[in-house]
Amino acid sequence: MRADRPVAPSANRALKLGVIGTAAGVFSGLFGVGGGSVIVPLLVLWLGYGPREATGTSLAAIVFIAAFAAATQGAYGNVHVLDALLVGVPAVGGVLLGTWLQQRMATRSISLLFAAVLVASAVELLVR
Amino acid sequence: MIAAIAIGVCAGVVAGLLGVGGGVLFVPGLVIFLGLGQHQAEATSLLAIIPVAIVGTYKQDGYGNVRRHDALLMGLLSIAGAAAGVALANALSGTVLRVGFAALMVLVALQLVRKALDDPESADSPRREVSRENRPTRDDSA
């Protein structure tokens with residue numbers, strides 16, 4: 001099911017995007033993560049996205065997922081706002097550096113690094 | 001606290017580089033350095049992800065890397081998916097789910113590596129394109 005052309009036919013494309021979005025949401029609901037580890041590889045492998053477009057578009061989709069999920073968890077009283085700020089504010093500085101750096105990397109390096117983080121995430125999932 | 005800030009910066013860099021929210025580092029960071037339980041850490045991580053994803057999207061959009069309609073479609077459908085995920089989490093065995101997803105992630109990682117190594121142009125960094133202009137390219141339409 002790999003898309004080798006950059007632009008797939010539009011109905012097929014919308015269907016795949018729907019599947020990716022739903023899968024990312026399920027993953028997020030199950031394991032409390034943003035879903036980027038689902039979205040990025042599927043955009044690359046199914047829809048022929050370049051790694052830079054996949055990561056940029058993934059971040060935009062994550063805004064929706066995280067906002068919805070954080071609101072739901074907040075209603076249950078599970079969110080520690082000060083702790084979120086303590087890690088989240090420095091992370092905003094980090095994301096500026098990360099996006100800047102990414103534009104200067106070979107796309108192969110981005111993919112290989114992503115694969116490494118996926119394997120690390122799999123290990124984390126097993127040991128938690 | 002310094003460690004928590006440092007892990008925040010690292011999570012942001014990973015988010016910018018790889019287009020993930022940063023939860024993969026936020027969650028263990030919140031557990032280890034700020035003493036939250038796993039469940040609270042996951043919930044708190046989701047809030048921390050929001051500003052990271054917004055700023056990252058804004059920067060990537062400036063580079064022309066955001067396909068807005070695709071993101072909107074995935075984002076809206078993922079909300080339905082998330083509700084289903086929460087229901088599934090309550091209905092199924094946690095261990096089976098985690099082992100299943102971990103195996104799936106390793107398979108996807110292998111596919112990504114194969115695709116990256118199959119594409120000779122992917123080794124070119126944007127700044128070095130000119131010097132490699134005349135390299136032969138392989139037909140990868142198979």
# chains A, B, ... in the order shown; residues from 1 in each chain; ligands from 1

call {"tool": "closest_atom_pairs", "arguments": {"of": "region 25-83 of chain B", "to": "region 11-26 of chain A", "cutoff": "12 Å", "atoms": "only C-alpha atoms", "output": "tab-separated table"}}
result
residue	atom	partner	partner_atom	distance
B:Arg67	CA	A:Leu17	CA	11.7
B:His69	CA	A:Ala14	CA	10.0
B:Asp70	CA	A:Leu17	CA	6.8
B:Ala71	CA	A:Leu17	CA	8.6
B:Leu72	CA	A:Gly21	CA	9.4
B:Leu73	CA	A:Gly18	CA	6.8
B:Met74	CA	A:Gly21	CA	3.9
B:Gly75	CA	A:Gly21	CA	6.1
B:Leu76	CA	A:Gly21	CA	7.5
B:Leu77	CA	A:Thr22	CA	5.3
B:Ser78	CA	A:Gly25	CA	4.0
B:Ile79	CA	A:Gly25	CA	5.8
B:Ala80	CA	A:Thr22	CA	6.7
B:Gly81	CA	A:Gly25	CA	4.2
B:Ala82	CA	A:Gly25	CA	3.9
B:Ala83	CA	A:Val26	CA	7.2

call {"tool": "residues_around", "arguments": {"residues": "region 91-97 of chain B", "least_positions_apart": "6", "cutoff": "10 Å", "atoms": "only C-alpha atoms", "output": "compact mmCIF listing (two decimals) with C-alpha atoms, in the first residue's frame"}}
result
# COMPACT_ATOMS: atom_id res chain seq x y z
CA LEU A 30 -4.89 4.64 24.28
CA PHE A 31 -1.43 5.76 25.29
CA LEU A 125 5.74 1.35 25.66
CA LEU A 126 6.96 -2.09 26.76
CA GLY B 85 -9.11 4.85 21.82
CA ALA B 103 5.71 -4.51 17.41

call {"tool": "atom_distance", "arguments": {"atom1": "CA of Gly23 (chain B)", "atom2": "CA of Ala116 (chain B)"}}
result
24.7 Å

call {"tool": "residues_around", "arguments": {"residues": "region 110-112 of chain A", "least_positions_apart": "4", "cutoff": "9 Å", "atoms": "only C-alpha atoms", "output": "MDAnalysis selection string"}}
result
(chainID A and resid 41 51:52 102 105:106 116:117) or (chainID B and resid 17:18 109 112:113 115:117)

call {"tool": "select_by_dssp", "arguments": {"residues": "region 13-122 of chain B", "states": "alpha helix (DSSP H)", "output": "MDAnalysis selection string"}}
result
chainID B and resid 13:18 23:34 38:62 68:91 94:118

call {"tool": "closest_residue", "arguments": {"among": "A:Thr99, A:Ser58, A:Ser28, A:Gln73", "to": "Leu47 (chain B)", "atoms": "only C-alpha atoms"}}
result
A:Gln73

call {"tool": "residues_around", "arguments": {"residues": "Phe26 (chain B)", "least_positions_apart": "5", "cutoff": "8 Å", "atoms": "only C-alpha atoms", "output": "VMD selection string"}}
result
(chain A and resid 87) or (chain B and resid 7 to 8 11 41 45 48)

call {"tool": "closest_residue", "arguments": {"among": "B:Val9, B:Met1, B:Leu34, B:Leu104", "to": "chain A", "atoms": "only C-alpha atoms"}}
result
B:Val9

call {"tool": "residues_around", "arguments": {"residues": "Thr44 (chain B)", "least_positions_apart": "4", "cutoff": "9 Å", "atoms": "only C-alpha atoms", "output": "list of chain:residue names"}}
result
A:Ala70, A:Gln73, A:Gly74, A:Asn78, A:Val79, A:His80, A:Val81, A:Asp83, A:Ala84, B:Phe26, B:Val27, B:Leu30, B:His39, B:Gln40, B:Ala48, B:Ile49

call {"tool": "residues_around", "arguments": {"residues": "Val13 (chain B)", "least_positions_apart": "5", "cutoff": "6 Å", "atoms": "only C-alpha atoms", "output": "compact mmCIF listing (two decimals) with N, CA and C atoms, in the first residue's frame"}}
result
# COMPACT_ATOMS: atom_id res chain seq x y z
N GLY A 94 12.95 24.83 22.34
CA GLY A 94 13.50 23.66 21.67
C GLY A 94 12.91 23.45 20.29
N VAL A 95 11.60 23.68 20.16
CA VAL A 95 10.97 23.41 18.86
C VAL A 95 11.42 24.44 17.81
N GLY A 98 14.69 23.02 16.79
CA GLY A 98 14.49 21.78 16.04
C GLY A 98 14.01 22.02 14.61

call {"tool": "closest_residue", "arguments": {"among": "A:Gly36, A:Gln103, A:Trp46, A:Gly77", "to": "chain B", "atoms": "only C-alpha atoms"}}
result
A:Gly36

call {"tool": "residues_around", "arguments": {"residues": "Gln60 (chain B)", "least_positions_apart": "4", "cutoff": "8 Å", "atoms": "only C-alpha atoms", "output": "ChimeraX atom specification"}}
result
/A:56,99 /B:56,64-66

call {"tool": "closest_residue", "arguments": {"among": "B:Pro120, B:Leu36, B:Thr57, B:Leu107", "to": "chain A", "atoms": "only C-alpha atoms"}}
result
B:Thr57

call {"tool": "atom_distance", "arguments": {"atom1": "CA of Ser37 (chain A)", "atom2": "CA of Leu118 (chain A)"}}
result
6.8 Å

call {"tool": "atom_distance", "arguments": {"atom1": "CA of Asp61 (chain B)", "atom2": "CA of Ala60 (chain A)"}}
result
9.1 Å
